[in-house]
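Undergrad: My questions all concern the structure below.
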Amino acid sequence: MHLEIITPDRKVFEGEVTAAQFPGADGSFEVLNNHAPLIAALRAGEVMLTSATGREAIRIEGGVVEVLRNNVIVLAEGAVV
């Protein structure tokens, strides 16, 4: 699935991932291929990405995530790679 992590001043990540784990406002959750449509609030924490090249963590300062047809967009308040 295609994932983008965007902050107000830059695009932090864009690429294909097989799984992404998010720090949801009500608890952590994971998104896999063909996930049901979803919009969720995010708290500050780490987004864990799994891709063909391995795992990567990106720290975000909160925001929202939208999942729709294997496209995942994170609008984060801030991020540290």
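Naming scheme: A, B, ... for chains in displayed order of the structure tokens; residues 1 onward per chain; ligands 1 onward as shown.
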Near Thr50 in chain A, counting only C-alpha atoms, which residues have an atom at most 7 Å away, once you skip same-chain residues fewer than 5 positions from it, shown as JSON, numbers by chain?

TA: {"A": [17, 18, 19, 20, 55, 56]}

Undergrad: Would you please give, as JSON, numbers by chain, all residues of chain A that DSSP assigns to strand (DSSP E or B) based on the backbone?

TA: {"A": [2, 3, 4, 5, 6, 11, 12, 13, 14, 15, 16, 19, 20, 21, 22, 23, 24, 27, 28, 29, 30, 31, 32, 38, 39, 40, 41, 42, 43, 44, 45, 46, 47, 48, 49, 50, 51, 54, 55, 56, 57, 58, 59, 60, 61, 62, 63, 64, 65, 66, 67, 68, 71, 72, 73, 74, 75, 76, 79, 80]}

Undergrad: Could you state the separation of CA of Asn70 in chain A and CA of Ile6 in chain A in Å, given to one decimal place?

TA: 17.0 Å

Undergrad: Tell me which of A:Gly45, A:Ile60, A:Ser28, A:Arg69 sits closest to Val12 in chain A, counting only C-alpha atoms.

TA: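 For Val12 in chain A, the nearest of the candidates is A:Ile60.
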
Undergrad: What separation in Å, quoted to one decimal, exists between CA of Arg10 in chain A and CA of Pro37 in chain A?

TA: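 Interatomic distance here is 25.1 Å.
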
Undergrad: Write out as a ChimeraX atom specification each polymer residue whose atoms come within 10 Å of Asp26 in chain A, counting only C-alpha atoms; drop sequence neighbours fewer than 6 positions from it.

TA: /A:40-43

Undergrad: Those residues you just picked out, can you put them in a file as a PDB file, in the first residue's frame with N, CA, C and O atoms?

TA:
```pdb
ATOM      1  N   ALA A  40      -8.714   8.568  11.503  1.00  0.00           N
ATOM      2  CA  ALA A  40      -8.482   8.490  12.946  1.00  0.00           C
ATOM      3  C   ALA A  40      -7.551   9.607  13.400  1.00  0.00           C
ATOM      4  O   ALA A  40      -6.650  10.023  12.664  1.00  0.00           O
ATOM      5  N   ALA A  41      -7.763  10.055  14.628  1.00  0.00           N
ATOM      6  CA  ALA A  41      -6.877  11.039  15.252  1.00  0.00           C
ATOM      7  C   ALA A  41      -5.648  10.318  15.789  1.00  0.00           C
ATOM      8  O   ALA A  41      -5.729   9.182  16.264  1.00  0.00           O
ATOM      9  N   LEU A  42      -4.500  10.985  15.706  1.00  0.00           N
ATOM     10  CA  LEU A  42      -3.245  10.424  16.187  1.00  0.00           C
ATOM     11  C   LEU A  42      -2.690  11.288  17.306  1.00  0.00           C
ATOM     12  O   LEU A  42      -2.816  12.510  17.281  1.00  0.00           O
ATOM     13  N   ARG A  43      -2.061  10.645  18.290  1.00  0.00           N
ATOM     14  CA  ARG A  43      -1.370  11.362  19.354  1.00  0.00           C
ATOM     15  C   ARG A  43       0.125  11.355  19.023  1.00  0.00           C
ATOM     16  O   ARG A  43       0.569  10.684  18.084  1.00  0.00           O
TER      17      ARG A  43
END
```

Undergrad: With only C-alpha atoms as the basis for distance, which of A:Val81, A:Leu32, A:Val74, A:Ile5 is at the shortest distance from Ser51 in chain A?

TA: A:Leu32

Undergrad: Closest to Ile39 in chain A among A:Leu68, A:Ala52, A:Ala76, A:Ile58, using only C-alpha atoms?

TA: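 Comparing A:Leu68, A:Ala52, A:Ala76, A:Ile58 against Ile39 in chain A, the winner is A:Leu68.
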